[in-house]
$ cat protein_10.pdb   # PDB, C-alpha atoms, pLDDT in the B column
ATOM      1  CA  MET A 159     -16.549 -54.787  19.645  1.00 53.00           C
ATOM      2  CA  ARG A 160     -16.695 -53.403  16.166  1.00 57.00           C
ATOM      3  CA  HIS A 161     -18.460 -50.295  17.505  1.00 61.00           C
ATOM      4  CA  GLN A 162     -15.653 -49.721  20.019  1.00 64.00           C
ATOM      5  CA  ARG A 163     -13.024 -49.948  17.262  1.00 63.00           C
ATOM      6  CA  GLU A 164     -14.899 -47.390  15.157  1.00 64.00           C
ATOM      7  CA  GLU A 165     -14.986 -44.945  18.077  1.00 63.00           C
ATOM      8  CA  ASP A 166     -11.234 -45.304  18.624  1.00 61.00           C
ATOM      9  CA  TYR A 167     -10.627 -44.707  14.954  1.00 61.00           C
ATOM     10  CA  LEU A 168     -12.728 -41.548  14.971  1.00 58.00           C
ATOM     11  CA  SER A 169     -11.225 -40.082  18.130  1.00 58.00           C
ATOM     12  CA  GLY A 170      -7.702 -40.618  16.766  1.00 60.00           C
ATOM     13  CA  ASN A 171      -8.450 -38.625  13.652  1.00 72.00           C
ATOM     14  CA  LEU A 172     -10.111 -35.875  15.622  1.00 79.00           C
ATOM     15  CA  THR A 173      -6.960 -35.166  17.660  1.00 81.00           C
ATOM     16  CA  ALA A 174      -4.853 -34.749  14.540  1.00 82.00           C
ATOM     17  CA  MET A 175      -7.457 -32.513  13.000  1.00 84.00           C
ATOM     18  CA  ILE A 176      -7.611 -30.257  16.059  1.00 84.00           C
ATOM     19  CA  ASP A 177      -3.816 -29.948  15.920  1.00 85.00           C
ATOM     20  CA  VAL A 178      -3.993 -28.863  12.309  1.00 88.00           C
ATOM     21  CA  VAL A 179      -6.791 -26.393  13.076  1.00 88.00           C
ATOM     22  CA  PHE A 180      -4.693 -24.796  15.829  1.00 85.00           C
ATOM     23  CA  GLN A 181      -1.716 -24.558  13.516  1.00 90.00           C
ATOM     24  CA  LEU A 182      -3.908 -22.795  10.967  1.00 91.00           C
ATOM     25  CA  ILE A 183      -5.311 -20.398  13.570  1.00 87.00           C
ATOM     26  CA  ILE A 184      -1.783 -19.477  14.702  1.00 85.00           C
ATOM     27  CA  PHE A 185      -0.703 -18.985  11.095  1.00 87.00           C
ATOM     28  CA  PHE A 186      -3.620 -16.689  10.265  1.00 84.00           C
ATOM     29  CA  VAL A 187      -3.329 -14.663  13.459  1.00 77.00           C
ATOM     30  CA  CYS A 188       0.382 -14.074  12.765  1.00 78.00           C
ATOM     31  CA  THR A 189      -0.103 -13.121   9.129  1.00 76.00           C
ATOM     32  CA  VAL A 190      -3.011 -10.758   9.873  1.00 70.00           C
ATOM     33  CA  ASN A 191      -0.790  -8.883  12.330  1.00 62.00           C
ATOM     34  CA  MET A 192       1.967  -8.635   9.729  1.00 63.00           C
ATOM     35  CA  GLN A 193      -0.468  -7.112   7.249  1.00 58.00           C
ATOM     36  CA  GLU A 194      -1.614  -4.561   9.812  1.00 58.00           C
ATOM     37  CA  SER A 195       1.936  -3.520  10.600  1.00 55.00           C
ATOM     38  CA  ALA A 196       2.295  -2.293   6.984  1.00 58.00           C
ATOM     39  CA  VAL A 197      -0.132   0.531   7.825  1.00 65.00           C
ATOM     40  CA  ASP A 198       1.616   3.638   9.050  1.00 69.00           C
ATOM     41  CA  ASP A 199       0.398   4.411  12.594  1.00 74.00           C
ATOM     42  CA  ARG A 200       1.396   8.066  12.327  1.00 81.00           C
ATOM     43  CA  ILE A 201      -1.266   8.668   9.701  1.00 86.00           C
ATOM     44  CA  SER A 202      -4.706   9.389  11.043  1.00 88.00           C
ATOM     45  CA  LEU A 203      -7.115   8.682   8.187  1.00 89.00           C
ATOM     46  CA  ALA A 204     -10.297  10.675   7.775  1.00 89.00           C
ATOM     47  CA  MET A 205     -13.637   8.970   8.355  1.00 89.00           C
ATOM     48  CA  ALA A 206     -15.809   7.966   5.401  1.00 89.00           C
ATOM     49  CA  PRO A 207     -18.604   5.810   6.823  1.00 89.00           C
ATOM     50  CA  HIS A 208     -20.482   5.626   3.521  1.00 88.00           C
ATOM     51  CA  GLY A 209     -17.651   4.330   1.358  1.00 86.00           C
ATOM     52  CA  GLN A 210     -17.495   0.762   0.173  1.00 84.00           C
ATOM     53  CA  ALA A 211     -15.382  -1.468   2.413  1.00 84.00           C
ATOM     54  CA  VAL A 212     -12.266  -2.915   0.817  1.00 81.00           C
ATOM     55  CA  GLU A 213     -12.789  -6.641   0.553  1.00 78.00           C
ATOM     56  CA  LYS A 214     -10.450  -7.702  -2.228  1.00 79.00           C
ATOM     57  CA  LYS A 215      -6.928  -6.439  -2.473  1.00 79.00           C
ATOM     58  CA  ASN A 216      -5.211  -5.978  -5.789  1.00 82.00           C
ATOM     59  CA  PRO A 217      -1.558  -7.113  -5.606  1.00 83.00           C
ATOM     60  CA  LEU A 218      -0.591  -4.288  -7.996  1.00 86.00           C
ATOM     61  CA  GLU A 219      -1.869  -1.579  -5.629  1.00 88.00           C
ATOM     62  CA  ILE A 220       0.661   1.125  -4.758  1.00 91.00           C
ATOM     63  CA  TYR A 221       0.020   2.771  -1.395  1.00 90.00           C
ATOM     64  CA  VAL A 222       1.384   6.286  -1.080  1.00 93.00           C
ATOM     65  CA  ASP A 223       1.309   7.706   2.433  1.00 92.00           C
ATOM     66  CA  VAL A 224       1.253  11.423   3.170  1.00 93.00           C
ATOM     67  CA  ASP A 225       1.683  12.303   6.844  1.00 91.00           C
ATOM     68  CA  SER A 226       0.486  15.425   8.643  1.00 90.00           C
ATOM     69  CA  GLN A 227       3.860  17.121   7.996  1.00 91.00           C
ATOM     70  CA  GLY A 228       3.426  16.566   4.263  1.00 90.00           C
ATOM     71  CA  TYR A 229       6.112  13.906   3.891  1.00 93.00           C
ATOM     72  CA  ILE A 230       5.451  11.376   1.117  1.00 93.00           C
ATOM     73  CA  SER A 231       6.337   7.785   1.916  1.00 92.00           C
ATOM     74  CA  ILE A 232       5.916   4.279   0.537  1.00 91.00           C
ATOM     75  CA  THR A 233       6.168   1.393   3.040  1.00 86.00           C
ATOM     76  CA  HIS A 234       7.558   3.666   5.777  1.00 86.00           C
ATOM     77  CA  THR A 235      10.282   5.058   3.488  1.00 90.00           C
ATOM     78  CA  ILE A 236      10.152   8.817   2.931  1.00 92.00           C
ATOM     79  CA  ILE A 237      10.653   9.703  -0.724  1.00 93.00           C
ATOM     80  CA  SER A 238      10.705  12.864  -2.821  1.00 93.00           C
ATOM     81  CA  GLN A 239       8.143  13.719  -5.483  1.00 92.00           C
ATOM     82  CA  GLN A 240      10.716  12.981  -8.207  1.00 93.00           C
ATOM     83  CA  THR A 241      11.388   9.525  -6.795  1.00 94.00           C
ATOM     84  CA  LEU A 242       7.655   8.870  -6.627  1.00 94.00           C
ATOM     85  CA  VAL A 243       7.294   9.868 -10.290  1.00 94.00           C
ATOM     86  CA  GLY A 244      10.099   7.423 -11.145  1.00 94.00           C
ATOM     87  CA  ILE A 245       8.427   4.599  -9.206  1.00 93.00           C
ATOM     88  CA  LEU A 246       5.030   5.261 -10.769  1.00 93.00           C
ATOM     89  CA  LYS A 247       6.459   5.550 -14.297  1.00 93.00           C
ATOM     90  CA  LYS A 248       8.201   2.210 -13.855  1.00 93.00           C
ATOM     91  CA  ALA A 249       4.965   0.646 -12.603  1.00 92.00           C
ATOM     92  CA  VAL A 250       3.033   2.096 -15.575  1.00 92.00           C
ATOM     93  CA  ALA A 251       5.666   0.827 -18.021  1.00 92.00           C
ATOM     94  CA  GLU A 252       5.434  -2.637 -16.518  1.00 91.00           C
ATOM     95  CA  TYR A 253       1.716  -3.044 -15.809  1.00 90.00           C
ATOM     96  CA  GLY A 254      -0.010  -0.318 -17.853  1.00 88.00           C
ATOM     97  CA  GLN A 255      -2.150   2.633 -16.827  1.00 85.00           C
ATOM     98  CA  GLN A 256      -4.499   0.520 -14.782  1.00 85.00           C
ATOM     99  CA  VAL A 257      -2.111   0.417 -11.821  1.00 89.00           C
ATOM    100  CA  PRO A 258      -4.222   1.365  -8.798  1.00 89.00           C
ATOM    101  CA  VAL A 259      -2.655   4.139  -6.730  1.00 92.00           C
ATOM    102  CA  ILE A 260      -4.107   4.618  -3.287  1.00 92.00           C
ATOM    103  CA  ILE A 261      -3.291   7.808  -1.423  1.00 93.00           C
ATOM    104  CA  ARG A 262      -3.361   7.431   2.357  1.00 92.00           C
ATOM    105  CA  GLY A 263      -3.345  11.008   3.491  1.00 92.00           C
ATOM    106  CA  ASP A 264      -3.575  12.230   7.057  1.00 93.00           C
ATOM    107  CA  SER A 265      -6.844  14.089   7.606  1.00 91.00           C
ATOM    108  CA  ARG A 266      -4.933  17.184   8.840  1.00 91.00           C
ATOM    109  CA  THR A 267      -2.629  17.315   5.805  1.00 92.00           C
ATOM    110  CA  SER A 268      -3.104  20.368   3.640  1.00 93.00           C
ATOM    111  CA  HIS A 269      -4.315  19.687   0.120  1.00 93.00           C
ATOM    112  CA  SER A 270      -1.107  21.154  -1.363  1.00 93.00           C
ATOM    113  CA  ASP A 271       0.804  18.102  -0.073  1.00 93.00           C
ATOM    114  CA  ILE A 272      -1.782  15.672  -1.459  1.00 93.00           C
ATOM    115  CA  LYS A 273      -1.587  17.612  -4.742  1.00 92.00           C
ATOM    116  CA  ARG A 274       2.115  16.739  -5.004  1.00 93.00           C
ATOM    117  CA  VAL A 275       1.190  13.039  -5.062  1.00 93.00           C
ATOM    118  CA  MET A 276      -1.682  13.671  -7.482  1.00 92.00           C
ATOM    119  CA  ASP A 277       0.664  15.591  -9.774  1.00 91.00           C
ATOM    120  CA  ALA A 278       3.177  12.738  -9.618  1.00 93.00           C
ATOM    121  CA  CYS A 279       0.366  10.370 -10.711  1.00 92.00           C
ATOM    122  CA  ALA A 280      -0.563  12.724 -13.557  1.00 90.00           C
ATOM    123  CA  MET A 281       3.086  12.968 -14.663  1.00 91.00           C
ATOM    124  CA  SER A 282       3.196   9.170 -14.801  1.00 91.00           C
ATOM    125  CA  GLY A 283       0.014   8.987 -16.851  1.00 89.00           C
ATOM    126  CA  LEU A 284      -2.268   7.814 -14.037  1.00 88.00           C
ATOM    127  CA  TRP A 285      -5.590   9.652 -14.024  1.00 82.00           C
ATOM    128  CA  LYS A 286      -7.568   7.389 -11.744  1.00 84.00           C
ATOM    129  CA  ILE A 287      -6.604   7.467  -8.117  1.00 90.00           C
ATOM    130  CA  LYS A 288      -8.140   6.407  -4.832  1.00 91.00           C
ATOM    131  CA  PHE A 289      -8.164   8.001  -1.420  1.00 92.00           C
ATOM    132  CA  SER A 290      -8.030   5.744   1.567  1.00 91.00           C
ATOM    133  CA  ALA A 291     -10.316   6.478   4.498  1.00 90.00           C
ATOM    134  CA  LEU A 292     -11.719   4.711   7.546  1.00 88.00           C
ATOM    135  CA  LYS A 293     -15.153   3.198   7.256  1.00 86.00           C
ATOM    136  CA  GLU A 294     -15.140   1.965  10.828  1.00 82.00           C
ATOM    137  CA  ARG A 295     -12.613   2.853  13.445  1.00 78.00           C
ATOM    138  CA  GLY A 296     -11.094  -0.059  15.364  1.00 71.00           C
ATOM    139  CA  SER A 297      -9.629   0.248  18.845  1.00 58.00           C
TER     140      SER A 297
ATOM    141  CA  MET B 140      -5.854 -30.597  25.529  1.00 75.00           C
ATOM    142  CA  ILE B 141      -9.070 -28.754  26.407  1.00 83.00           C
ATOM    143  CA  ASP B 142      -7.069 -26.747  28.948  1.00 85.00           C
ATOM    144  CA  ILE B 143      -4.631 -25.704  26.244  1.00 83.00           C
ATOM    145  CA  ALA B 144      -7.505 -24.898  23.915  1.00 82.00           C
ATOM    146  CA  PHE B 145      -9.031 -22.580  26.526  1.00 86.00           C
ATOM    147  CA  GLN B 146      -5.648 -21.014  27.253  1.00 88.00           C
ATOM    148  CA  MET B 147      -5.179 -20.260  23.561  1.00 83.00           C
ATOM    149  CA  LEU B 148      -8.731 -19.023  23.152  1.00 86.00           C
ATOM    150  CA  SER B 149      -8.381 -16.608  26.061  1.00 89.00           C
ATOM    151  CA  PHE B 150      -4.966 -15.501  24.751  1.00 88.00           C
ATOM    152  CA  PHE B 151      -6.404 -14.645  21.341  1.00 82.00           C
ATOM    153  CA  VAL B 152      -9.460 -12.937  22.803  1.00 84.00           C
ATOM    154  CA  ILE B 153      -7.253 -10.707  24.952  1.00 85.00           C
ATOM    155  CA  THR B 154      -4.596  -9.932  22.346  1.00 80.00           C
ATOM    156  CA  THR B 155      -6.752  -9.357  19.287  1.00 75.00           C
ATOM    157  CA  HIS B 156      -8.286  -5.918  18.897  1.00 73.00           C
ATOM    158  CA  PRO B 157     -11.015  -4.776  16.499  1.00 73.00           C
ATOM    159  CA  VAL B 158      -9.550  -3.990  13.112  1.00 72.00           C
ATOM    160  CA  SER B 159     -10.384  -0.704  11.403  1.00 75.00           C
ATOM    161  CA  VAL B 160     -12.350  -1.156   8.197  1.00 79.00           C
ATOM    162  CA  ILE B 161     -10.722   0.688   5.310  1.00 81.00           C
ATOM    163  CA  THR B 162     -12.563   2.167   2.359  1.00 83.00           C
ATOM    164  CA  ASN B 163     -11.118   3.491  -0.896  1.00 83.00           C
ATOM    165  CA  LEU B 164     -12.834   6.444  -2.574  1.00 87.00           C
ATOM    166  CA  ASP B 165     -12.263   6.527  -6.348  1.00 84.00           C
ATOM    167  CA  VAL B 166     -11.703   9.822  -8.121  1.00 86.00           C
ATOM    168  CA  TYR B 167     -10.559  10.920 -11.548  1.00 78.00           C
ATOM    169  CA  ARG B 168      -8.242  13.747 -12.431  1.00 75.00           C
ATOM    170  CA  PRO B 169      -9.295  15.580 -15.556  1.00 70.00           C
ATOM    171  CA  SER B 170      -6.761  14.547 -18.212  1.00 63.00           C
ATOM    172  CA  GLN B 171      -5.601  16.597 -21.163  1.00 59.00           C
ATOM    173  CA  ASP B 172      -7.448  14.292 -23.507  1.00 55.00           C
ATOM    174  CA  LYS B 173      -7.998  15.691 -27.008  1.00 50.00           C
ATOM    175  CA  THR B 174     -11.155  13.685 -27.587  1.00 52.00           C
ATOM    176  CA  ALA B 175     -12.676  15.125 -24.420  1.00 50.00           C
ATOM    177  CA  SER B 176     -12.222  18.713 -25.636  1.00 48.00           C
ATOM    178  CA  GLN B 177     -13.919  17.872 -28.928  1.00 48.00           C
ATOM    179  CA  ALA B 178     -17.137  16.907 -27.217  1.00 49.00           C
ATOM    180  CA  LYS B 179     -20.022  18.743 -28.855  1.00 50.00           C
ATOM    181  CA  GLN B 180     -22.047  19.350 -25.742  1.00 51.00           C
ATOM    182  CA  PRO B 181     -20.440  20.337 -22.455  1.00 53.00           C
ATOM    183  CA  PRO B 182     -21.417  17.775 -19.806  1.00 57.00           C
ATOM    184  CA  LYS B 183     -23.600  18.755 -16.878  1.00 68.00           C
ATOM    185  CA  MET B 184     -21.220  19.600 -14.103  1.00 82.00           C
ATOM    186  CA  ILE B 185     -21.601  20.453 -10.451  1.00 88.00           C
ATOM    187  CA  LYS B 186     -18.706  22.389  -8.985  1.00 91.00           C
ATOM    188  CA  ILE B 187     -17.978  21.881  -5.305  1.00 92.00           C
ATOM    189  CA  MET B 188     -15.284  24.018  -3.765  1.00 93.00           C
ATOM    190  CA  VAL B 189     -13.389  22.902  -0.668  1.00 93.00           C
ATOM    191  CA  LEU B 190     -12.096  25.965   1.149  1.00 92.00           C
ATOM    192  CA  PRO B 191      -9.983  26.130   4.322  1.00 91.00           C
ATOM    193  CA  ASN B 192     -11.548  25.992   7.807  1.00 88.00           C
ATOM    194  CA  ASP B 193     -14.418  23.632   6.939  1.00 88.00           C
ATOM    195  CA  VAL B 194     -15.983  25.981   4.395  1.00 91.00           C
ATOM    196  CA  PHE B 195     -17.635  24.457   1.334  1.00 93.00           C
ATOM    197  CA  SER B 196     -19.328  25.980  -1.672  1.00 93.00           C
ATOM    198  CA  ILE B 197     -21.444  24.550  -4.472  1.00 91.00           C
ATOM    199  CA  ASN B 198     -21.488  26.411  -7.786  1.00 88.00           C
ATOM    200  CA  ASP B 199     -19.836  29.399  -6.061  1.00 87.00           C
ATOM    201  CA  LYS B 200     -22.401  29.530  -3.260  1.00 90.00           C
ATOM    202  CA  ILE B 201     -21.210  28.951   0.316  1.00 92.00           C
ATOM    203  CA  ILE B 202     -23.035  26.040   1.897  1.00 91.00           C
ATOM    204  CA  GLU B 203     -23.062  24.104   5.160  1.00 91.00           C
ATOM    205  CA  LEU B 204     -21.979  20.459   5.064  1.00 89.00           C
ATOM    206  CA  GLN B 205     -25.461  19.235   6.076  1.00 90.00           C
ATOM    207  CA  ASP B 206     -27.061  21.272   3.283  1.00 92.00           C
ATOM    208  CA  LEU B 207     -24.477  19.954   0.831  1.00 91.00           C
ATOM    209  CA  ASP B 208     -25.435  16.414   1.859  1.00 92.00           C
ATOM    210  CA  ARG B 209     -29.114  17.170   1.224  1.00 92.00           C
ATOM    211  CA  LEU B 210     -28.366  18.837  -2.108  1.00 91.00           C
ATOM    212  CA  LEU B 211     -26.191  15.943  -3.316  1.00 91.00           C
ATOM    213  CA  SER B 212     -28.926  13.468  -2.409  1.00 91.00           C
ATOM    214  CA  LYS B 213     -31.399  15.497  -4.486  1.00 91.00           C
ATOM    215  CA  LEU B 214     -28.931  15.652  -7.410  1.00 89.00           C
ATOM    216  CA  ALA B 215     -28.320  11.925  -7.209  1.00 90.00           C
ATOM    217  CA  ALA B 216     -32.071  11.309  -7.326  1.00 90.00           C
ATOM    218  CA  LEU B 217     -32.085  13.033 -10.735  1.00 88.00           C
ATOM    219  CA  ASP B 218     -28.953  11.479 -12.204  1.00 86.00           C
ATOM    220  CA  THR B 219     -26.165   9.564 -10.487  1.00 85.00           C
ATOM    221  CA  GLN B 220     -23.947   9.770 -13.579  1.00 85.00           C
ATOM    222  CA  GLN B 221     -23.484  13.535 -13.595  1.00 86.00           C
ATOM    223  CA  THR B 222     -19.988  14.835 -13.136  1.00 87.00           C
ATOM    224  CA  ILE B 223     -19.074  16.391  -9.825  1.00 90.00           C
ATOM    225  CA  MET B 224     -15.977  18.496  -9.913  1.00 91.00           C
ATOM    226  CA  ILE B 225     -14.418  18.940  -6.503  1.00 92.00           C
ATOM    227  CA  MET B 226     -12.027  21.852  -6.391  1.00 92.00           C
ATOM    228  CA  CYS B 227      -9.632  22.096  -3.475  1.00 93.00           C
ATOM    229  CA  THR B 228      -7.595  25.074  -2.411  1.00 93.00           C
ATOM    230  CA  PRO B 229      -3.986  24.343  -1.342  1.00 92.00           C
ATOM    231  CA  GLU B 230      -4.744  25.372   2.258  1.00 92.00           C
ATOM    232  CA  SER B 231      -7.801  23.138   2.650  1.00 93.00           C
ATOM    233  CA  GLN B 232      -7.365  20.007   4.740  1.00 92.00           C
ATOM    234  CA  HIS B 233      -7.392  16.549   3.180  1.00 93.00           C
ATOM    235  CA  GLY B 234     -10.059  15.490   5.684  1.00 92.00           C
ATOM    236  CA  GLN B 235     -12.484  18.000   4.142  1.00 93.00           C
ATOM    237  CA  LEU B 236     -12.004  16.481   0.678  1.00 93.00           C
ATOM    238  CA  VAL B 237     -12.671  13.019   2.118  1.00 93.00           C
ATOM    239  CA  GLU B 238     -15.844  14.384   3.766  1.00 92.00           C
ATOM    240  CA  VAL B 239     -17.144  15.579   0.388  1.00 93.00           C
ATOM    241  CA  LEU B 240     -16.162  12.315  -1.309  1.00 92.00           C
ATOM    242  CA  ASP B 241     -17.966  10.434   1.453  1.00 92.00           C
ATOM    243  CA  LEU B 242     -21.142  12.459   0.907  1.00 92.00           C
ATOM    244  CA  CYS B 243     -20.918  11.713  -2.840  1.00 92.00           C
ATOM    245  CA  ALA B 244     -20.479   8.004  -2.071  1.00 90.00           C
ATOM    246  CA  LYS B 245     -23.475   8.196   0.280  1.00 91.00           C
ATOM    247  CA  SER B 246     -25.623   9.667  -2.496  1.00 91.00           C
ATOM    248  CA  GLY B 247     -24.341   7.189  -5.074  1.00 90.00           C
ATOM    249  CA  LEU B 248     -22.607   9.761  -7.272  1.00 89.00           C
ATOM    250  CA  VAL B 249     -19.749   8.069  -9.095  1.00 87.00           C
ATOM    251  CA  ASN B 250     -18.284  10.534 -11.613  1.00 87.00           C
ATOM    252  CA  LEU B 251     -16.047  12.489  -9.314  1.00 90.00           C
ATOM    253  CA  SER B 252     -13.129  14.627 -10.417  1.00 89.00           C
ATOM    254  CA  VAL B 253     -10.699  16.330  -8.091  1.00 90.00           C
ATOM    255  CA  VAL B 254      -9.030  19.531  -9.218  1.00 89.00           C
ATOM    256  CA  SER B 255      -6.531  21.616  -7.285  1.00 88.00           C
ATOM    257  CA  THR B 256      -6.822  25.368  -7.503  1.00 86.00           C
ATOM    258  CA  SER B 257      -3.971  27.786  -6.978  1.00 75.00           C
TER     259      SER B 257
END
$ encode --input "protein_10.pdb" --output "structure tokens"
Amino acid sequence: MRHQREEDYLSGNLTAMIDVVFQLIIFFVCTVNMQESAVDDRISLAMAPHGQAVEKKNPLEIYVDVDSQGYISITHTIISQQTLVGILKKAVAEYGQQVPVIIRGDSRTSHSDIKRVMDACAMSGLWKIKFSALKERGS
Amino acid sequence: MIDIAFQMLSFFVITTHPVSVITNLDVYRPSQDKTASQAKQPPKMIKIMVLPNDVFSINDKIIELQDLDRLLSKLAALDTQQTIMIMCTPESQHGQLVEVLDLCAKSGLVNLSVVSTS
């Protein structure tokens, strides 16, 4: 009798737990997709299979995209070099010179367009920059 | 409930696609630092030039990408802390620069500077 009651008790808890697990799965699947949508699909990154995979993301990171036409953009918004300098200077004033700037340049972009972003970083006092590349290509 | 669980499982398996793994390659830009110019001994420096149309040169000598890979591995075996200066021409493609940075990362060379030439 007591054994039966224990089984009922356990099965009841299990149902609630499974519900919670499904809720969590749905939450994570949705948020992962949102994060992916921040990446500009028009930019085809170059392959760098020997680079270290990005595991931890710094919330201060500033991603600067440069498409194959040479347009500079931040979060899908095309900006001029002057505007970029303004943004970076503001970030440096607020968080210091350790602000990580990551340049996501299209592999076909000419270096002169990447140089414009690098010069903007230099004008803002940022000497350490990162270039984003693909370690493994997805689908 | 098991039916729903299988429905959801199959839904996620079908809809999710493999995610691309991103890597960030760190570089420095040579700054106009006064203390750097006062250094008594010039540091050992390897100059790699990235020219248009997949042409590369090391210390002003044209080299194939495979040979550059081999050479960088040999250099890294001697000292991984030596400075590699990567010079890019305005017409060179960004993908070429990433290729060189990838080879440096492969060899374990960490002091990488990118300079743009006119």
$ interface_residues --input "protein_10.pdb" --of "chain B" --to "chain A" --cutoff "7 Å" --atoms "all atoms listed in the file" --output "list in words"
His156, Pro157, Val158, Ser159, Val160, Ile161, Thr162, Asn163, Leu164, Asp165, Val166, Tyr167, Arg168, Ser170, Cys227, Thr228, Pro229, Glu230, Ser231, Gln232, His233, Gly234, Val237, Glu238, Asp241, Ala244, Lys245 and Ser255 of chain B
$ atom_distance --input "protein_10.pdb" --atom1 "CA of Leu246 (chain A)" --atom2 "CA of Val254 (chain B)"
20.1 Å
$ atom_distance --input "protein_10.pdb" --atom1 "CA of Val249 (chain B)" --atom2 "CA of Ile245 (chain A)"
28.4 Å
$ closest_residue --input "protein_10.pdb" --among "A:Leu218, A:Met175, A:Cys188, A:Ile230" --to "Val257 (chain A)" --atoms "all atoms listed in the file"
A:Leu218
$ atom_distance --input "protein_10.pdb" --atom1 "CA of Val253 (chain B)" --atom2 "CA of Lys213 (chain B)"
21.0 Å
$ resolve_selection --input "protein_10.pdb" --expression "the PyMOL selection byres ((chain B and resi 224) around 7)" --output "list in words"
Met184, Ile185, Lys186, Ile187, Thr222, Ile223, Ile225, Met226, Leu251, Ser252 and Val253 of chain B
$ write_last_selection --input "protein_10.pdb" --atoms "C-alpha atoms" --output "PDB file, keeping the file's coordinate frame"
ATOM      1  CA  MET B 184     -21.220  19.600 -14.103  1.00 82.00           C
ATOM      2  CA  ILE B 185     -21.601  20.453 -10.451  1.00 88.00           C
ATOM      3  CA  LYS B 186     -18.706  22.389  -8.985  1.00 91.00           C
ATOM      4  CA  ILE B 187     -17.978  21.881  -5.305  1.00 92.00           C
ATOM      5  CA  THR B 222     -19.988  14.835 -13.136  1.00 87.00           C
ATOM      6  CA  ILE B 223     -19.074  16.391  -9.825  1.00 90.00           C
ATOM      7  CA  ILE B 225     -14.418  18.940  -6.503  1.00 92.00           C
ATOM      8  CA  MET B 226     -12.027  21.852  -6.391  1.00 92.00           C
ATOM      9  CA  LEU B 251     -16.047  12.489  -9.314  1.00 90.00           C
ATOM     10  CA  SER B 252     -13.129  14.627 -10.417  1.00 89.00           C
ATOM     11  CA  VAL B 253     -10.699  16.330  -8.091  1.00 90.00           C
TER      12      VAL B 253
END
$ residues_near_point --input "protein_10.pdb" --point "(-27.4, 16.6, -2.3)" --cutoff "12 Å" --atoms "only C-alpha atoms" --output "ChimeraX atom specification"
/B:185,187,197,202-219,223,239,241-248
$ axis_aligned_box --input "protein_10.pdb" --around "region 197-200 of chain B" --padding-each-side "3 Å" --output "lines of an AutoDock Vina configuration file"
center_x = -21.1
center_y = 27.0
center_z = -5.5
size_x = 8.6
size_y = 11.0
size_z = 10.5
$ decode --input "protein_10.pdb" --residues "region 210-214 of chain A" --atoms "all heavy atoms" --output "JSON list (two decimals), in the first residue's frame"
[["chain", "number", "residue", "atom", "x", "y", "z"],
["A", 210, "GLN", "N", 40.96, 29.52, -32.81],
["A", 210, "GLN", "CA", 40.32, 29.00, -31.61],
["A", 210, "GLN", "C", 38.82, 29.33, -31.67],
["A", 210, "GLN", "O", 38.46, 30.48, -31.96],
["A", 210, "GLN", "CB", 40.95, 29.65, -30.39],
["A", 210, "GLN", "CG", 41.07, 28.69, -29.25],
["A", 210, "GLN", "CD", 41.94, 29.26, -28.14],
["A", 210, "GLN", "OE1", 42.36, 30.41, -28.17],
["A", 210, "GLN", "NE2", 42.21, 28.46, -27.14],
["A", 211, "ALA", "N", 37.99, 28.35, -31.41],
["A", 211, "ALA", "CA", 36.54, 28.56, -31.47],
["A", 211, "ALA", "C", 36.11, 29.51, -30.36],
["A", 211, "ALA", "O", 36.63, 29.48, -29.26],
["A", 211, "ALA", "CB", 35.81, 27.23, -31.34],
["A", 212, "VAL", "N", 35.15, 30.36, -30.70],
["A", 212, "VAL", "CA", 34.64, 31.32, -29.71],
["A", 212, "VAL", "C", 33.68, 30.59, -28.78],
["A", 212, "VAL", "O", 32.68, 30.04, -29.22],
["A", 212, "VAL", "CB", 33.91, 32.49, -30.42],
["A", 212, "VAL", "CG1", 33.31, 33.45, -29.42],
["A", 212, "VAL", "CG2", 34.86, 33.21, -31.34],
["A", 213, "GLU", "N", 34.04, 30.52, -27.53],
["A", 213, "GLU", "CA", 33.18, 29.83, -26.57],
["A", 213, "GLU", "C", 32.46, 30.81, -25.65],
["A", 213, "GLU", "O", 31.29, 30.66, -25.34],
["A", 213, "GLU", "CB", 34.02, 28.84, -25.75],
["A", 213, "GLU", "CG", 34.33, 27.58, -26.55],
["A", 213, "GLU", "CD", 35.42, 26.74, -25.96],
["A", 213, "GLU", "OE1", 35.91, 27.07, -24.87],
["A", 213, "GLU", "OE2", 35.81, 25.75, -26.62],
["A", 214, "LYS", "N", 33.21, 31.81, -25.21],
["A", 214, "LYS", "CA", 32.63, 32.82, -24.30],
["A", 214, "LYS", "C", 32.48, 34.13, -25.04],
["A", 214, "LYS", "O", 33.40, 34.55, -25.74],
["A", 214, "LYS", "CB", 33.57, 33.02, -23.11],
["A", 214, "LYS", "CG", 33.01, 32.51, -21.81],
["A", 214, "LYS", "CD", 33.95, 32.85, -20.69],
["A", 214, "LYS", "CE", 33.39, 32.35, -19.37],
["A", 214, "LYS", "NZ", 34.29, 32.67, -18.26]]
